[in-house]
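Peer 1: Quick one: this structure, given as structure tokens, is what I'll be asking you about.
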Amino acid sequence: MIITVTCPETNPQTRPETNPEPPAPTVEPPRDPIRITARKTRDESTGRVVSRRTLPPGVTDWSLRRGPFRRLFHGVYVHRDTELTELVRAAGSLLLCPRDSAASHHTAARIWGGIVPEDGFVHISTTGVRPKVQGIRAHRVKAGGQQCSRLGGVRVTTPVQTFLDLGSALGLVDLVVLGDSLVKAGEVTPEQLVEAATTFAGTGRRTVRRAAGLVRREVDSPMESRTRMLIVLAGLPEPTVNHKIRWPGGSVRFRFDLSYPDHQLIVEYDGRQHAESEKQWGGDIGRREWMDSKGWRIVIIRAKDIYNTPGQALQRISSAMRDKGMVVSQLSGEWRLHFPGLPGDVTELA
């Protein structure tokens, strides 16, 4: 009998690999905004000038077109799982701007927690060449420069600088709304805004100085700011912001948005949450019963009163003031410049 023995070292199917090829490393696609640059080169085989992209590790042409990326601006992409915050949009825009650039104006305001009108642009300021990119609005830094800081690695104008810069872009009421919201976010104090506005010599300085003097603490919403400004610009006494009624032990029982405590009069903006929240509704009922028992009067203001019929709203407020024994002099007409209302609203106030 013949026995054949096959040595494992000579069998190609069983021969062990002495130096196996290591697996190709997996490169995780970047999560921060990336800029894809293109450079023109000459194709040696054809002699034609072609444009070639320079792609970072983990990025391919396919991933840009159909993979895990979305386009922020021309040439700037971000991973689809990245939340598109104002800070991310600002970081992406600054990749297209000179090194001295900073997120500013409306964009900086929202980054710091401020409330400003939406205009659809990312705003930057620079002393260099201003980029002409769709979706980016570039501003030139004025003489004297800008105060900037870094937030999450992104260069942003400071909250105070942002307030000053927007003096040339926002009206008085919107600027007060911005100031109130920045104070609520804990980024500035009314005193800091007044101090900066006093020495500010840029465009819109009169609006900036007046708005800074009207910014208040503890304002809960932009509509409360607008309600307060409607009252003030009509020449009526300015209400107290966020007056508190306390329990005997000192804890807060009730808060009144805008009020005249000495005359037991409340002016309150009522948003939809008061009607849609069961808890809020129940709390309002208890508070209303307490006010009735103590002789307080309340005037409810809604969004339509501010935007559609501000004249009628002022009539209701001034009438309540007189009923509570307050002296109401001839009203100023300045409110009409900032609260035009709709046709049919009251134009002449008694």
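Every chain in the structure tokens takes a letter, A first, then B, and so on in the order presented; its residues are numbered from 1, and the ligands are numbered from 1 following the presented order.
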Which of stretch 17-227 of chain A counts as strand (DSSP E) under DSSP, as a PyMOL selection string please?
Peer 2: chain A and resi 34-35+37-42+49-54+69-73+76-79+102-103+122-126+136-140+148-151+154-157
Peer 1: Suppose we keep C-alpha atoms; can you now write the selection as a compact mmCIF listing (two decimals), in the first residue's frame?
Peer 2:
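Result file follows (result-v4.txt):
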```txt
# COMPACT_ATOMS: atom_id res chain seq x y z
CA ILE A 34 -15.06 71.56 4.77
CA ARG A 35 -14.00 73.60 1.80
CA THR A 37 -10.90 73.65 -3.57
CA ALA A 38 -10.27 73.15 -7.27
CA ARG A 39 -7.07 73.76 -9.19
CA LYS A 40 -6.45 73.77 -12.92
CA THR A 41 -3.84 71.41 -14.31
CA ARG A 42 -2.79 70.29 -17.79
CA VAL A 49 -6.44 72.22 -19.13
CA VAL A 50 -8.68 70.43 -16.64
CA SER A 51 -10.01 71.31 -13.20
CA ARG A 52 -9.22 68.89 -10.40
CA ARG A 53 -10.67 68.90 -6.92
CA THR A 54 -8.53 68.69 -3.81
CA PHE A 69 -22.59 65.51 2.81
CA ARG A 70 -24.77 68.49 2.05
CA ARG A 71 -23.75 71.79 0.51
CA LEU A 72 -23.74 74.92 2.65
CA PHE A 73 -22.29 77.31 0.10
CA VAL A 76 -18.36 74.32 1.22
CA TYR A 77 -19.94 71.11 2.52
CA VAL A 78 -20.95 69.68 5.88
CA HIS A 79 -21.84 66.17 7.06
CA ALA A 102 -15.70 87.33 11.72
CA ALA A 103 -19.36 86.37 11.93
CA VAL A 122 -24.99 84.56 6.94
CA HIS A 123 -23.37 87.88 7.84
CA ILE A 124 -19.62 88.36 8.09
CA SER A 125 -17.37 91.41 8.48
CA THR A 126 -13.88 91.78 7.07
CA ILE A 136 -23.38 85.33 2.44
CA ARG A 137 -23.64 89.06 3.07
CA ALA A 138 -20.27 90.68 3.69
CA HIS A 139 -19.73 93.96 5.56
CA ARG A 140 -16.60 96.07 5.66
CA CYS A 148 -14.33 89.94 18.48
CA SER A 149 -14.10 86.74 20.46
CA ARG A 150 -14.02 83.03 19.64
CA LEU A 151 -16.88 80.67 20.27
CA VAL A 154 -15.38 80.51 15.28
CA ARG A 155 -14.48 84.19 15.30
CA VAL A 156 -17.58 86.21 16.23
CA THR A 157 -18.14 89.87 17.06
```
Peer 1: Determine which residues of stretch 204-333 of chain A receive a DSSP assignment of helix (DSSP H, G or I), computed from the backbone, and state them as a PyMOL selection string.
Peer 2: chain A and resi 205-214+222-233+261-263+273-276+278-294+303-307+310-323
Peer 1: Those residues with C-alpha atoms, as a PDB file, in the first residue's frame please?
Peer 2:
```
ATOM      1  CA  ARG A 205     -25.482 106.090  16.759  1.00  0.00           C
ATOM      2  CA  ARG A 206     -28.646 107.998  17.740  1.00  0.00           C
ATOM      3  CA  THR A 207     -30.767 104.866  17.442  1.00  0.00           C
ATOM      4  CA  VAL A 208     -28.127 102.849  19.302  1.00  0.00           C
ATOM      5  CA  ARG A 209     -27.980 105.296  22.208  1.00  0.00           C
ATOM      6  CA  ARG A 210     -31.724 105.538  22.565  1.00  0.00           C
ATOM      7  CA  ALA A 211     -32.258 101.779  22.254  1.00  0.00           C
ATOM      8  CA  ALA A 212     -29.548 101.026  24.821  1.00  0.00           C
ATOM      9  CA  GLY A 213     -31.317 103.271  27.311  1.00  0.00           C
ATOM     10  CA  LEU A 214     -34.560 101.333  26.789  1.00  0.00           C
ATOM     11  CA  PRO A 222     -39.669  89.653  22.094  1.00  0.00           C
ATOM     12  CA  MET A 223     -43.418  90.305  22.060  1.00  0.00           C
ATOM     13  CA  GLU A 224     -43.218  91.609  25.615  1.00  0.00           C
ATOM     14  CA  SER A 225     -40.472  93.965  24.413  1.00  0.00           C
ATOM     15  CA  ARG A 226     -42.710  95.151  21.573  1.00  0.00           C
ATOM     16  CA  THR A 227     -45.674  95.669  23.895  1.00  0.00           C
ATOM     17  CA  ARG A 228     -43.533  97.736  26.238  1.00  0.00           C
ATOM     18  CA  MET A 229     -42.168  99.800  23.348  1.00  0.00           C
ATOM     19  CA  LEU A 230     -45.694 100.490  22.020  1.00  0.00           C
ATOM     20  CA  ILE A 231     -46.590 101.914  25.419  1.00  0.00           C
ATOM     21  CA  VAL A 232     -43.381 103.950  25.774  1.00  0.00           C
ATOM     22  CA  LEU A 233     -43.426 105.386  22.237  1.00  0.00           C
ATOM     23  CA  PRO A 261     -47.959  97.965  40.922  1.00  0.00           C
ATOM     24  CA  ASP A 262     -48.887 101.230  42.634  1.00  0.00           C
ATOM     25  CA  HIS A 263     -52.131 101.313  40.641  1.00  0.00           C
ATOM     26  CA  GLN A 273     -49.218  78.822  24.866  1.00  0.00           C
ATOM     27  CA  HIS A 274     -51.727  80.238  27.339  1.00  0.00           C
ATOM     28  CA  ALA A 275     -54.556  78.579  25.435  1.00  0.00           C
ATOM     29  CA  GLU A 276     -52.734  75.397  24.430  1.00  0.00           C
ATOM     30  CA  GLU A 278     -53.359  72.870  30.315  1.00  0.00           C
ATOM     31  CA  LYS A 279     -50.880  73.632  33.108  1.00  0.00           C
ATOM     32  CA  GLN A 280     -50.517  77.265  32.030  1.00  0.00           C
ATOM     33  CA  TRP A 281     -54.278  77.649  31.740  1.00  0.00           C
ATOM     34  CA  GLY A 282     -54.831  76.265  35.223  1.00  0.00           C
ATOM     35  CA  GLY A 283     -52.197  78.606  36.640  1.00  0.00           C
ATOM     36  CA  ASP A 284     -53.777  81.587  34.874  1.00  0.00           C
ATOM     37  CA  ILE A 285     -57.178  80.783  36.388  1.00  0.00           C
ATOM     38  CA  GLY A 286     -55.729  80.750  39.903  1.00  0.00           C
ATOM     39  CA  ARG A 287     -53.844  83.967  39.316  1.00  0.00           C
ATOM     40  CA  ARG A 288     -56.907  85.649  37.793  1.00  0.00           C
ATOM     41  CA  GLU A 289     -59.019  84.754  40.839  1.00  0.00           C
ATOM     42  CA  TRP A 290     -56.328  86.186  43.123  1.00  0.00           C
ATOM     43  CA  MET A 291     -56.202  89.426  41.096  1.00  0.00           C
ATOM     44  CA  ASP A 292     -59.994  89.799  41.221  1.00  0.00           C
ATOM     45  CA  SER A 293     -59.964  89.385  45.005  1.00  0.00           C
ATOM     46  CA  LYS A 294     -57.264  92.063  45.383  1.00  0.00           C
ATOM     47  CA  ALA A 303     -50.056  89.490  18.454  1.00  0.00           C
ATOM     48  CA  LYS A 304     -52.811  90.986  16.297  1.00  0.00           C
ATOM     49  CA  ASP A 305     -53.030  93.945  18.691  1.00  0.00           C
ATOM     50  CA  ILE A 306     -49.366  94.720  18.075  1.00  0.00           C
ATOM     51  CA  TYR A 307     -49.212  94.127  14.324  1.00  0.00           C
ATOM     52  CA  PRO A 310     -51.872  98.953  17.803  1.00  0.00           C
ATOM     53  CA  GLY A 311     -54.035 102.090  18.021  1.00  0.00           C
ATOM     54  CA  GLN A 312     -56.927 100.127  19.500  1.00  0.00           C
ATOM     55  CA  ALA A 313     -54.519  98.436  21.911  1.00  0.00           C
ATOM     56  CA  LEU A 314     -53.289 101.820  23.130  1.00  0.00           C
ATOM     57  CA  GLN A 315     -56.864 103.012  23.601  1.00  0.00           C
ATOM     58  CA  ARG A 316     -57.610 100.002  25.811  1.00  0.00           C
ATOM     59  CA  ILE A 317     -54.424 100.524  27.837  1.00  0.00           C
ATOM     60  CA  SER A 318     -54.913 104.268  28.337  1.00  0.00           C
ATOM     61  CA  SER A 319     -58.593 103.736  29.253  1.00  0.00           C
ATOM     62  CA  ALA A 320     -57.578 101.182  31.892  1.00  0.00           C
ATOM     63  CA  MET A 321     -54.997 103.631  33.241  1.00  0.00           C
ATOM     64  CA  ARG A 322     -57.633 106.322  33.701  1.00  0.00           C
ATOM     65  CA  ASP A 323     -59.998 103.827  35.365  1.00  0.00           C
TER      66      ASP A 323
END
```
Peer 1: Between atom CA of A:Thr203 and atom CA of A:Gly167, what distance in Å does the model show, to one decimal?
Peer 2: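 Computing the Euclidean distance for atom CA of A:Thr203 and atom CA of A:Gly167 yields 7.1 Å.
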Peer 1: Provide the atom CA of A:Gly145 to atom CA of A:Val215 distance in Å, to one decimal place.
Peer 2: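 Atom-to-atom, atom CA of A:Gly145 to atom CA of A:Val215, that is 25.0 Å.
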Peer 1: Using only C-alpha atoms, can you tell me which of A:Arg66, A:Leu337, A:Asp32, A:Leu182 comes closest to A:Gly92?
Peer 2: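 Ranked by minimum distance to A:Gly92, first place goes to A:Asp32.
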Peer 1: Pick from A:Gly75, A:Gly333, A:Pro57, A:Gly341: nearest to A:Gly235, with only C-alpha atoms counted?
Peer 2: A:Gly333
Peer 1: Could you give me, as a tab-separated table (two decimals) with N, CA and C atoms, in the first residue's frame, the residues within 8 Å of A:Ser329, counting only C-alpha atoms and dropping anything in the same chain fewer than 2 positions from it?
Peer 2:
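Just written: out_6.tsv:
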```tsv
chain	number	residue	atom	x	y	z
A	236	LEU	N	-46.89	107.03	27.11
A	236	LEU	CA	-47.49	106.59	28.37
A	236	LEU	C	-46.40	106.21	29.36
A	327	VAL	N	-52.80	109.40	35.75
A	327	VAL	CA	-52.87	110.59	34.91
A	327	VAL	C	-52.34	110.26	33.52
A	331	LEU	N	-51.22	111.80	24.18
A	331	LEU	CA	-50.32	110.76	23.70
A	331	LEU	C	-49.46	111.26	22.55
```
Peer 1: Calculate how many Å separate atom CA of A:Leu166 from atom CA of A:Glu191, rounding to one decimal.
Peer 2: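 Going from atom CA of A:Leu166 over to atom CA of A:Glu191, I get 18.0 Å.
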